[in-house]
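Q: Sharing structure.txt here; it has compact mmCIF, C-alpha atoms.
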```txt
# COMPACT_ATOMS: atom_id res chain seq x y z
CA MET A 1 -51.43 -40.74 24.58
CA GLY A 2 -54.07 -42.83 22.82
CA VAL A 3 -56.75 -41.30 25.03
CA ARG A 4 -55.68 -37.78 24.11
CA VAL A 5 -55.56 -38.64 20.40
CA THR A 6 -59.12 -39.95 20.65
CA ALA A 7 -60.15 -36.86 22.61
CA LEU A 8 -58.58 -34.61 19.96
CA GLU A 9 -60.36 -36.47 17.19
CA GLU A 10 -63.64 -36.04 19.03
CA ALA A 11 -62.99 -32.34 19.62
CA LEU A 12 -62.17 -31.77 15.94
CA ALA A 13 -65.25 -33.75 14.90
CA PHE A 14 -67.35 -31.38 17.01
CA LEU A 15 -65.73 -28.30 15.48
CA PHE A 16 -65.92 -29.50 11.88
CA ALA A 17 -69.58 -30.42 12.38
CA ARG A 18 -70.11 -26.67 12.80
CA THR A 19 -69.23 -26.19 9.10
CA THR A 20 -72.45 -27.79 7.85
CA GLY A 21 -74.76 -24.84 8.52
CA GLY A 22 -73.20 -22.58 5.89
CA PHE A 23 -71.75 -19.13 6.53
CA LYS A 24 -73.27 -16.95 9.23
CA PHE A 25 -72.05 -13.40 8.95
CA GLY A 26 -71.91 -11.13 11.97
CA LEU A 27 -69.70 -10.63 14.99
CA GLU A 28 -72.22 -11.16 17.78
CA ARG A 29 -71.58 -14.89 18.30
CA THR A 30 -67.79 -14.48 18.29
CA GLN A 31 -68.03 -11.56 20.70
CA ALA A 32 -70.33 -13.54 23.02
CA LEU A 33 -67.80 -16.39 23.11
CA LEU A 34 -64.96 -13.97 23.78
CA ASP A 35 -66.92 -12.22 26.54
CA ALA A 36 -67.32 -15.58 28.27
CA LEU A 37 -63.59 -16.23 27.85
CA GLY A 38 -62.68 -12.86 29.39
CA ASN A 39 -61.95 -11.17 26.05
CA PRO A 40 -58.52 -12.73 25.46
CA HIS A 41 -58.13 -10.83 22.15
CA ARG A 42 -57.50 -7.67 24.17
CA ALA A 43 -54.49 -9.19 25.93
CA PHE A 44 -52.01 -8.59 23.08
CA PRO A 45 -51.41 -6.21 20.16
CA VAL A 46 -52.83 -7.38 16.82
CA ILE A 47 -51.77 -6.85 13.22
CA HIS A 48 -54.77 -7.67 11.02
CA VAL A 49 -54.69 -8.53 7.30
CA ALA A 50 -57.39 -9.06 4.67
CA GLY A 51 -57.19 -9.44 0.89
CA THR A 52 -57.84 -11.89 -1.90
CA ASN A 53 -54.28 -13.19 -2.26
CA GLY A 54 -50.97 -12.64 -0.49
CA LYS A 55 -52.19 -12.74 3.12
CA GLY A 56 -50.31 -15.91 4.02
CA SER A 57 -47.07 -14.78 2.41
CA SER A 58 -47.24 -11.38 4.07
CA LEU A 59 -47.89 -12.77 7.53
CA ALA A 60 -45.20 -15.45 7.16
CA THR A 61 -42.75 -12.66 6.35
CA ALA A 62 -43.95 -10.55 9.28
CA GLU A 63 -43.60 -13.59 11.54
CA ALA A 64 -39.96 -14.12 10.50
CA LEU A 65 -39.07 -10.47 10.99
CA LEU A 66 -40.77 -10.06 14.38
CA ARG A 67 -39.39 -13.33 15.72
CA GLY A 68 -35.96 -12.24 14.49
CA ARG A 69 -36.30 -9.26 16.78
CA GLY A 70 -37.01 -11.60 19.70
CA LEU A 71 -40.76 -11.09 20.01
CA ARG A 72 -43.10 -13.95 20.92
CA VAL A 73 -45.44 -14.15 17.93
CA GLY A 74 -48.85 -15.75 17.51
CA LYS A 75 -50.16 -16.34 14.00
CA TYR A 76 -53.73 -17.27 13.07
CA THR A 77 -54.36 -18.26 9.44
CA SER A 78 -56.68 -20.50 7.47
CA PRO A 79 -57.19 -23.03 6.11
CA HIS A 80 -54.68 -25.62 7.27
CA LEU A 81 -52.85 -28.01 4.93
CA VAL A 82 -52.51 -31.17 7.05
CA ASP A 83 -53.13 -30.54 10.74
CA PHE A 84 -55.91 -28.32 12.15
CA ARG A 85 -53.47 -26.88 14.68
CA GLU A 86 -51.42 -25.30 11.87
CA ARG A 87 -53.98 -22.50 12.00
CA MET A 88 -52.77 -21.37 15.43
CA LEU A 89 -49.01 -21.04 15.83
CA VAL A 90 -46.99 -19.60 18.68
CA ASP A 91 -43.43 -18.94 17.61
CA ARG A 92 -44.14 -21.17 14.60
CA VAL A 93 -45.21 -24.11 16.79
CA PRO A 94 -48.83 -25.38 16.64
CA ILE A 95 -50.80 -25.03 19.86
CA GLU A 96 -51.00 -28.14 22.02
CA ALA A 97 -53.63 -30.75 21.26
CA ASP A 98 -54.71 -30.54 24.90
CA ALA A 99 -55.58 -26.86 24.40
CA VAL A 100 -58.03 -27.80 21.63
CA VAL A 101 -59.57 -30.61 23.68
CA GLU A 102 -59.92 -28.54 26.84
CA PHE A 103 -61.49 -25.61 24.96
CA VAL A 104 -64.07 -27.81 23.27
CA GLU A 105 -64.88 -29.75 26.44
CA ARG A 106 -65.44 -26.56 28.42
CA TRP A 107 -67.22 -24.40 25.87
CA THR A 108 -69.33 -26.87 23.89
CA PRO A 109 -72.59 -25.88 25.68
CA LEU A 110 -72.09 -22.19 24.89
CA VAL A 111 -71.01 -22.86 21.30
CA VAL A 112 -74.17 -24.91 20.78
CA GLU A 113 -76.39 -22.40 22.57
CA LEU A 114 -75.07 -19.53 20.42
CA GLY A 115 -75.18 -21.55 17.20
CA ALA A 116 -71.54 -20.56 16.63
CA THR A 117 -69.93 -21.73 13.41
CA PHE A 118 -66.68 -23.63 13.00
CA PHE A 119 -64.74 -20.47 12.22
CA GLU A 120 -66.29 -18.48 15.06
CA ALA A 121 -65.41 -21.17 17.61
CA THR A 122 -61.95 -21.61 16.11
CA THR A 123 -61.28 -17.88 16.24
CA ALA A 124 -62.20 -17.76 19.92
CA LEU A 125 -59.97 -20.80 20.52
CA ALA A 126 -57.04 -19.08 18.79
CA PHE A 127 -57.36 -15.84 20.75
CA ASP A 128 -57.65 -17.77 24.02
CA ALA A 129 -54.57 -19.85 23.17
CA PHE A 130 -52.55 -16.74 22.29
CA ALA A 131 -53.50 -15.01 25.54
CA ARG A 132 -52.55 -18.09 27.56
CA ALA A 133 -49.22 -18.30 25.68
CA LYS A 134 -48.58 -14.61 26.48
CA VAL A 135 -47.74 -13.69 22.90
CA GLU A 136 -46.30 -10.21 22.44
CA VAL A 137 -48.02 -9.67 19.10
CA ALA A 138 -50.58 -11.66 17.10
CA LEU A 139 -50.73 -11.77 13.31
CA ILE A 140 -54.35 -12.36 12.32
CA GLU A 141 -55.64 -13.26 8.86
CA THR A 142 -59.30 -12.86 7.94
CA GLY A 143 -61.09 -16.02 6.91
CA LEU A 144 -63.57 -14.59 4.43
CA GLY A 145 -64.04 -10.92 3.57
CA GLY A 146 -63.38 -8.58 6.46
CA ARG A 147 -66.28 -6.46 7.66
CA LEU A 148 -68.29 -9.37 9.09
CA ASP A 149 -65.43 -11.86 9.42
CA SER A 150 -65.12 -13.39 12.90
CA THR A 151 -61.62 -11.97 13.33
CA ASN A 152 -62.94 -8.41 13.00
CA VAL A 153 -63.52 -8.10 16.74
CA VAL A 154 -59.91 -6.94 17.16
CA ASP A 155 -58.62 -3.37 17.50
CA PRO A 156 -55.34 -3.66 15.58
CA VAL A 157 -52.21 -1.57 15.84
CA SER A 158 -52.11 -1.88 12.04
CA ALA A 159 -54.60 -3.27 9.52
CA GLY A 160 -53.92 -3.93 5.85
CA VAL A 161 -55.56 -5.14 2.66
CA THR A 162 -53.14 -6.87 0.31
CA ASN A 163 -55.13 -6.78 -2.94
CA ILE A 164 -58.61 -7.29 -4.35
CA GLY A 165 -59.59 -10.06 -6.77
CA TRP A 166 -62.48 -12.31 -7.68
CA ASP A 167 -63.21 -14.73 -4.85
CA HIS A 168 -66.24 -15.69 -2.76
CA MET A 169 -68.45 -13.47 -4.94
CA GLU A 170 -71.61 -15.14 -3.64
CA TYR A 171 -70.85 -13.68 -0.21
CA LEU A 172 -68.77 -10.56 -0.88
CA GLY A 173 -70.35 -9.07 -4.01
CA HIS A 174 -70.14 -9.30 -7.78
CA THR A 175 -67.95 -6.26 -8.45
CA LEU A 176 -64.38 -5.60 -7.35
CA GLU A 177 -65.58 -2.41 -5.70
CA ALA A 178 -68.09 -4.33 -3.57
CA ILE A 179 -65.48 -6.92 -2.61
CA ALA A 180 -63.06 -4.11 -1.72
CA LEU A 181 -65.59 -2.49 0.60
CA GLU A 182 -66.13 -5.78 2.45
CA LYS A 183 -62.40 -6.32 2.94
CA ALA A 184 -61.89 -2.68 3.96
CA GLY A 185 -64.25 -3.42 6.85
CA ILE A 186 -61.20 -4.29 8.99
CA PHE A 187 -60.07 -0.63 8.96
CA LYS A 188 -60.61 1.00 12.37
CA PRO A 189 -60.85 4.61 13.58
CA ASP A 190 -57.50 6.25 14.27
CA ARG A 191 -55.58 3.15 13.16
CA PRO A 192 -53.30 2.75 10.13
CA ALA A 193 -55.01 1.32 7.04
CA VAL A 194 -52.31 -0.12 4.78
CA ILE A 195 -53.38 -0.64 1.16
CA GLY A 196 -51.37 -2.87 -1.16
CA GLU A 197 -53.83 -3.01 -4.08
CA PRO A 198 -52.03 -2.21 -7.38
CA SER A 199 -55.08 -0.90 -9.28
CA GLU A 200 -55.55 2.84 -8.81
CA ASN A 201 -59.35 2.66 -9.05
CA ILE A 202 -59.67 0.00 -6.35
CA ARG A 203 -57.02 1.76 -4.24
CA ASP A 204 -59.26 4.83 -4.31
CA VAL A 205 -62.22 2.77 -3.07
CA LEU A 206 -60.17 1.37 -0.20
CA ARG A 207 -58.71 4.78 0.68
CA ALA A 208 -62.15 6.40 0.68
CA ARG A 209 -63.58 3.76 3.00
CA ALA A 210 -60.59 4.12 5.35
CA ARG A 211 -61.21 7.86 5.57
CA GLU A 212 -64.94 7.32 6.13
CA VAL A 213 -64.30 5.27 9.26
CA GLY A 214 -61.58 7.62 10.53
CA ALA A 215 -58.63 5.31 9.76
CA ARG A 216 -55.31 6.62 8.47
CA PRO A 217 -54.85 5.31 4.89
CA MET A 218 -51.35 4.50 3.70
CA MET A 219 -50.61 3.40 0.13
CA VAL A 220 -47.80 0.84 -0.12
CA ALA A 221 -47.01 2.11 -3.63
CA ASP A 222 -46.38 5.59 -2.18
CA SER A 223 -44.06 4.42 0.61
CA VAL A 224 -42.11 1.48 -0.85
CA VAL A 225 -40.54 1.51 -4.32
CA VAL A 226 -39.90 -1.94 -5.84
CA ARG A 227 -37.44 -2.30 -8.74
CA ASP A 228 -35.37 -4.87 -10.61
CA ILE A 229 -37.23 -8.01 -9.57
CA ASP A 230 -35.38 -11.27 -10.18
CA VAL A 231 -37.09 -14.65 -9.76
CA THR A 232 -35.05 -17.85 -9.50
CA SER A 233 -35.50 -21.32 -8.03
CA ALA A 234 -33.93 -19.94 -4.83
CA GLY A 235 -36.59 -17.28 -4.34
CA THR A 236 -37.16 -13.65 -5.27
CA SER A 237 -34.86 -10.64 -5.13
CA ALA A 238 -35.70 -6.98 -5.61
CA THR A 239 -34.26 -3.55 -4.97
CA MET A 240 -36.43 -1.60 -2.54
CA GLU A 241 -36.49 2.01 -1.46
CA MET A 242 -38.22 3.03 1.75
CA SER A 243 -37.83 5.94 4.18
CA GLY A 244 -34.78 7.24 2.33
CA GLU A 245 -33.07 3.84 2.35
CA ARG A 246 -32.20 1.63 -0.62
CA GLU A 247 -31.41 -2.08 -0.29
CA ARG A 248 -31.37 -5.26 -2.34
CA LEU A 249 -33.61 -7.76 -0.51
CA HIS A 250 -34.10 -11.48 -1.04
CA THR A 251 -37.00 -13.65 0.12
CA PRO A 252 -37.06 -17.45 -0.19
CA LEU A 253 -40.67 -17.15 -1.43
CA THR A 254 -40.75 -17.57 -5.20
CA GLY A 255 -42.56 -15.37 -7.69
CA ARG A 256 -42.63 -11.80 -8.93
CA HIS A 257 -45.67 -11.15 -6.74
CA GLN A 258 -43.61 -12.00 -3.66
CA ALA A 259 -41.59 -8.81 -4.08
CA PHE A 260 -44.82 -6.82 -3.71
CA ASN A 261 -45.98 -9.00 -0.80
CA LEU A 262 -42.68 -8.16 0.88
CA ALA A 263 -43.19 -4.45 0.25
CA PHE A 264 -46.69 -4.72 1.74
CA THR A 265 -45.32 -6.45 4.86
CA LEU A 266 -42.65 -3.81 5.41
CA ALA A 267 -45.25 -1.04 5.08
CA LEU A 268 -47.66 -2.87 7.40
CA LEU A 269 -45.02 -3.23 10.12
CA ASP A 270 -43.82 0.33 9.61
CA ALA A 271 -47.36 1.62 10.16
CA ALA A 272 -47.75 -0.47 13.33
CA GLY A 273 -45.19 1.65 15.16
CA PRO A 274 -41.56 1.67 16.34
CA LYS A 275 -41.76 -1.68 18.14
CA TYR A 276 -42.61 -3.43 14.86
CA ARG A 277 -40.82 -1.23 12.31
CA PHE A 278 -37.80 -2.50 10.35
CA SER A 279 -35.23 -0.69 8.32
CA LEU A 280 -34.43 -2.40 5.04
CA ARG A 281 -30.94 -3.20 6.27
CA GLU A 282 -32.27 -4.78 9.46
CA ALA A 283 -34.86 -6.81 7.56
CA ALA A 284 -32.45 -8.18 4.94
CA PRO A 285 -30.78 -11.02 6.93
CA LEU A 286 -34.01 -11.98 8.74
CA LEU A 287 -35.85 -12.73 5.49
CA ALA A 288 -33.86 -15.95 5.11
CA ASN A 289 -36.05 -17.34 7.90
CA VAL A 290 -39.37 -16.96 6.06
CA VAL A 291 -41.19 -20.31 5.82
CA LEU A 292 -44.55 -20.88 4.12
CA PRO A 293 -45.62 -24.39 3.09
CA GLY A 294 -47.73 -24.69 -0.02
CA ARG A 295 -46.67 -21.48 -1.78
CA PHE A 296 -44.59 -22.66 -4.74
CA GLN A 297 -43.01 -25.10 -2.30
CA ARG A 298 -40.36 -27.20 -4.01
CA THR A 299 -39.63 -30.70 -2.71
CA GLY A 300 -37.34 -32.54 -5.08
CA LYS A 301 -38.97 -32.51 -8.50
CA TYR A 302 -42.39 -31.67 -7.05
CA ILE A 303 -43.92 -28.21 -6.64
CA PHE A 304 -46.84 -27.67 -4.26
CA ASP A 305 -49.01 -24.58 -4.56
CA VAL A 306 -52.36 -23.71 -2.98
CA ALA A 307 -53.54 -21.26 -5.67
CA HIS A 308 -57.31 -21.32 -5.25
CA ASN A 309 -58.66 -18.61 -7.53
CA ALA A 310 -58.01 -17.14 -10.97
CA GLY A 311 -55.57 -14.55 -9.65
CA GLY A 312 -53.58 -17.20 -7.81
CA ALA A 313 -53.48 -19.36 -10.94
CA ARG A 314 -52.13 -16.41 -12.95
CA VAL A 315 -49.22 -15.77 -10.60
CA LEU A 316 -48.53 -19.53 -10.46
CA ALA A 317 -48.36 -19.59 -14.27
CA GLU A 318 -46.06 -16.56 -14.28
CA THR A 319 -43.78 -18.16 -11.70
CA LEU A 320 -43.61 -21.44 -13.60
CA ALA A 321 -42.72 -19.50 -16.75
CA ALA A 322 -39.98 -17.62 -14.89
CA ILE A 323 -38.48 -20.73 -13.26
CA ARG A 324 -38.86 -23.02 -16.29
CA PRO A 325 -38.69 -26.36 -14.45
CA PRO A 326 -37.58 -29.34 -16.53
CA GLY A 327 -40.42 -30.77 -18.62
CA PRO A 328 -42.75 -32.35 -19.06
CA VAL A 329 -44.80 -30.34 -16.55
CA ARG A 330 -47.71 -32.40 -15.26
CA VAL A 331 -50.28 -30.94 -12.87
CA LEU A 332 -52.44 -32.78 -10.36
CA PHE A 333 -55.29 -30.30 -9.99
CA CYS A 334 -57.99 -30.28 -7.31
CA ALA A 335 -60.51 -27.55 -6.55
CA LEU A 336 -63.78 -27.16 -4.71
CA ARG A 337 -66.94 -26.62 -6.70
CA ASP A 338 -67.28 -22.95 -5.77
CA LYS A 339 -63.87 -22.02 -7.20
CA GLU A 340 -63.15 -20.66 -10.68
CA TRP A 341 -61.65 -23.98 -11.70
CA GLN A 342 -62.37 -23.62 -15.44
CA GLU A 343 -60.57 -20.27 -15.62
CA MET A 344 -57.72 -21.63 -13.51
CA LEU A 345 -57.23 -24.54 -15.93
CA THR A 346 -57.34 -22.18 -18.91
CA THR A 347 -54.73 -19.94 -17.28
CA LEU A 348 -52.35 -22.81 -16.56
CA SER A 349 -52.81 -24.67 -19.85
CA PRO A 350 -50.21 -22.77 -21.95
CA ILE A 351 -47.35 -23.73 -19.63
CA VAL A 352 -48.49 -27.23 -18.64
CA ASP A 353 -48.03 -30.42 -20.65
CA SER A 354 -50.85 -32.39 -19.05
CA PHE A 355 -53.41 -32.33 -16.23
CA VAL A 356 -54.80 -34.94 -13.89
CA LEU A 357 -58.06 -33.70 -12.38
CA THR A 358 -59.28 -34.99 -9.05
CA ASP A 359 -62.67 -34.22 -7.58
CA ALA A 360 -63.22 -31.60 -10.26
CA PRO A 361 -66.93 -30.84 -10.65
CA THR A 362 -68.68 -31.70 -13.88
CA GLU A 363 -71.61 -29.96 -15.51
```
Can the structure from this file be put into structure tokens for me?
A:
Amino acid sequence: MGVRVTALEEALAFLFARTTGGFKFGLERTQALLDALGNPHRAFPVIHVAGTNGKGSSLATAEALLRGRGLRVGKYTSPHLVDFRERMLVDRVPIEADAVVEFVERWTPLVVELGATFFEATTALAFDAFARAKVEVALIETGLGGRLDSTNVVDPVSAGVTNIGWDHMEYLGHTLEAIALEKAGIFKPDRPAVIGEPSENIRDVLRARAREVGARPMMVADSVVVRDIDVTSAGTSATMEMSGERERLHTPLTGRHQAFNLAFTLALLDAAGPKYRFSLREAAPLLANVVLPGRFQRTGKYIFDVAHNAGGARVLAETLAAIRPPGPVRVLFCALRDKEWQEMLTTLSPIVDSFVLTDAPTE
């Protein structure tokens, strides 16, 4: 066991060393790796999601629903919270450490020759692991953007953009319209393009790009009606109407925004086809099984949340205001230098009694 732990540490050290060269946009290195692997991403149907916020919540909900139907589900998300292997789950279980070690040992020469980045190599590893595990559907989250993101080699049965906000502007553009066009890059010809964005102007940008590439745009707001949202410490409830059906649904994920993430997920699965579609009545009991660490996760008197941009901080502030946890509310805040940490602090300040900052950049 000690040998394998050492081998895993060495494999992860190799992968994380690939993060030091900055971002390299383009699909050619990922595709070259996948060609060498036998194109494992073509071995299973894919549901592909991009967006500024809400991707993790939406895919966690899709995972619970699809597994509740008995399907074997792979899920690829980023980043991880504690363990690298959290990024690649099969039926909610991280892939084996040996799979990481064996991939790195075999493919290191090609990764080095191609100059593949951490995320490109990791994406190839995930697709290979899912093919070997014989998953029946894979839920794939973009890492950054969409058009040139490594995951965009897939041909999904359904692709969706949750919403558009300010994040990674140095790579994606300095207007919401430019960011929207990058994320809409996951839309594919003759495939559903599910759009959850609440702003009509940005919805129009996403819809136009979907039509340009020959995708079939579908507005979540047009297909799922969300009413009477109630947020409590036990989660979020809302009345939803879809396909002539009306049902009161409850998700254990907390926050008003989670009602709209749920609506997005239902629309995304509906667009993917009969094998993945759920009636509201069928979905209702399965939602109890949704699990997503780090999204307003309550453990005793502590709340853990991975809000990492101004939009995420706003919904965190709204959720805290709705829940009203016993005071005083103290926040241990940590953010990377490229995040909008000043605006995040300003957003949280009205509902927080004090902050402790760790690793916050100074001017």
Q: Give me, as a VMD selection string, all polymer residues having an atom no more than 12 Å from Thr19 of chain A, counting all atoms listed in the file and skipping those fewer than 3 positions away in the same chain.
A: chain A and resid 12 to 16 22 to 24 115 to 122
Q: Between atom CA of Thr30 of chain A and atom CA of Ile95 of chain A, what distance in Å does the model show, to one decimal?
A: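 For atom CA of Thr30 of chain A relative to atom CA of Ile95 of chain A, the distance reads 20.1 Å.
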Q: Could you please determine the separation between atom CA of Asn201 of chain A and atom CA of Asn163 of chain A in Å, to one decimal place?
A: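 For atom CA of Asn201 of chain A relative to atom CA of Asn163 of chain A, the distance reads 12.0 Å.
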Q: One number please: atom CA of Ala313 of chain A to atom CA of Gln297 of chain A, in Å, one decimal.
A: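 Going from atom CA of Ala313 of chain A over to atom CA of Gln297 of chain A, I get 14.7 Å.
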Q: Which residues are close to Asp353 of chain A, i.e. within 10 Å by all atoms listed in the file, leaving aside same-chain residues fewer than 4 positions away? Reply as an MDAnalysis selection string.
A: chainID A and resid 327:331 348:349
Q: Which residue, A:Val213, A:Ala126, A:Ala284, A:Cys334, has the smallest gap to Ala238 of chain A when you use only C-alpha atoms?
A: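 Among A:Val213, A:Ala126, A:Ala284, A:Cys334, it is A:Ala284 that comes nearest to Ala238 of chain A.
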Q: Which residue, A:Leu89, A:Val111, A:Ala36, A:Val101, has the smallest gap to Arg18 of chain A when you use only C-alpha atoms?
A: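 Closest to Arg18 of chain A of all the choices is A:Val111.
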Q: Place a sphere of radius 12 Å on (-57.8, 1.6, -8.5) in the file coordinates and name every protein, DNA or RNA residue with an atom inside or on its surface, counting all atoms listed in the file; give the answer as a VMD selection string.
A: chain A and resid 163 to 165 176 to 177 180 195 to 208 219 221
Q: Create the file for the chosen residues now, containing C-alpha atoms and written as a PDB file, keeping the file's coordinate frame.
A:
```pdb
ATOM      1  CA  ASN A 163     -55.130  -6.780  -2.940  1.00  0.00           C
ATOM      2  CA  ILE A 164     -58.610  -7.290  -4.350  1.00  0.00           C
ATOM      3  CA  GLY A 165     -59.590 -10.060  -6.770  1.00  0.00           C
ATOM      4  CA  LEU A 176     -64.380  -5.600  -7.350  1.00  0.00           C
ATOM      5  CA  GLU A 177     -65.580  -2.410  -5.700  1.00  0.00           C
ATOM      6  CA  ALA A 180     -63.060  -4.110  -1.720  1.00  0.00           C
ATOM      7  CA  ILE A 195     -53.380  -0.640   1.160  1.00  0.00           C
ATOM      8  CA  GLY A 196     -51.370  -2.870  -1.160  1.00  0.00           C
ATOM      9  CA  GLU A 197     -53.830  -3.010  -4.080  1.00  0.00           C
ATOM     10  CA  PRO A 198     -52.030  -2.210  -7.380  1.00  0.00           C
ATOM     11  CA  SER A 199     -55.080  -0.900  -9.280  1.00  0.00           C
ATOM     12  CA  GLU A 200     -55.550   2.840  -8.810  1.00  0.00           C
ATOM     13  CA  ASN A 201     -59.350   2.660  -9.050  1.00  0.00           C
ATOM     14  CA  ILE A 202     -59.670   0.000  -6.350  1.00  0.00           C
ATOM     15  CA  ARG A 203     -57.020   1.760  -4.240  1.00  0.00           C
ATOM     16  CA  ASP A 204     -59.260   4.830  -4.310  1.00  0.00           C
ATOM     17  CA  VAL A 205     -62.220   2.770  -3.070  1.00  0.00           C
ATOM     18  CA  LEU A 206     -60.170   1.370  -0.200  1.00  0.00           C
ATOM     19  CA  ARG A 207     -58.710   4.780   0.680  1.00  0.00           C
ATOM     20  CA  ALA A 208     -62.150   6.400   0.680  1.00  0.00           C
ATOM     21  CA  MET A 219     -50.610   3.400   0.130  1.00  0.00           C
ATOM     22  CA  ALA A 221     -47.010   2.110  -3.630  1.00  0.00           C
TER      23      ALA A 221
END
```
Q: Taking (-53.0, -10.7, 20.2) as a centre in this file's frame and 12 Å as the limit, can you find every polymer residue with an atom that close, using only C-alpha atoms, and give them as a PyMOL selection string?
A: chain A and resi 39-48+72-76+88-90+123-124+126-141+151+153-157
Q: Quick one: of A:Pro189, A:Pro217, A:Gly68, A:Gly26, who's nearest to Leu144 of chain A, counting all atoms listed in the file?
A: A:Gly26
Q: Which polymer residues have any atom within 8 Å of an atom of segment 277-280 of chain A, counting all atoms listed in the file, with same-chain residues fewer than 5 positions away left out, as a ChimeraX atom specification?
A: /A:240,242,245-247,249,266,269-272
Q: Here is a test: counting only C-alpha atoms, which residue of A:Ala310, A:Gly300, A:Ser158, A:Ala64 is nearest to Pro274 of chain A?
A: A:Ser158
Q: Go through A:Val352, A:Ile179, A:Ile186, A:Leu336 one by one, measure the shortest atom-to-atom distance of each to Leu148 of chain A using all atoms listed in the file, and give the residue with the smallest value.
A: A:Ile186
Q: Which one of A:Gly255, A:Ala210, A:Tyr276, A:Glu343 sits closest to Asp305 of chain A if you count only C-alpha atoms?
A: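 Ranking A:Gly255, A:Ala210, A:Tyr276, A:Glu343 by distance to Asp305 of chain A, first place goes to A:Gly255.
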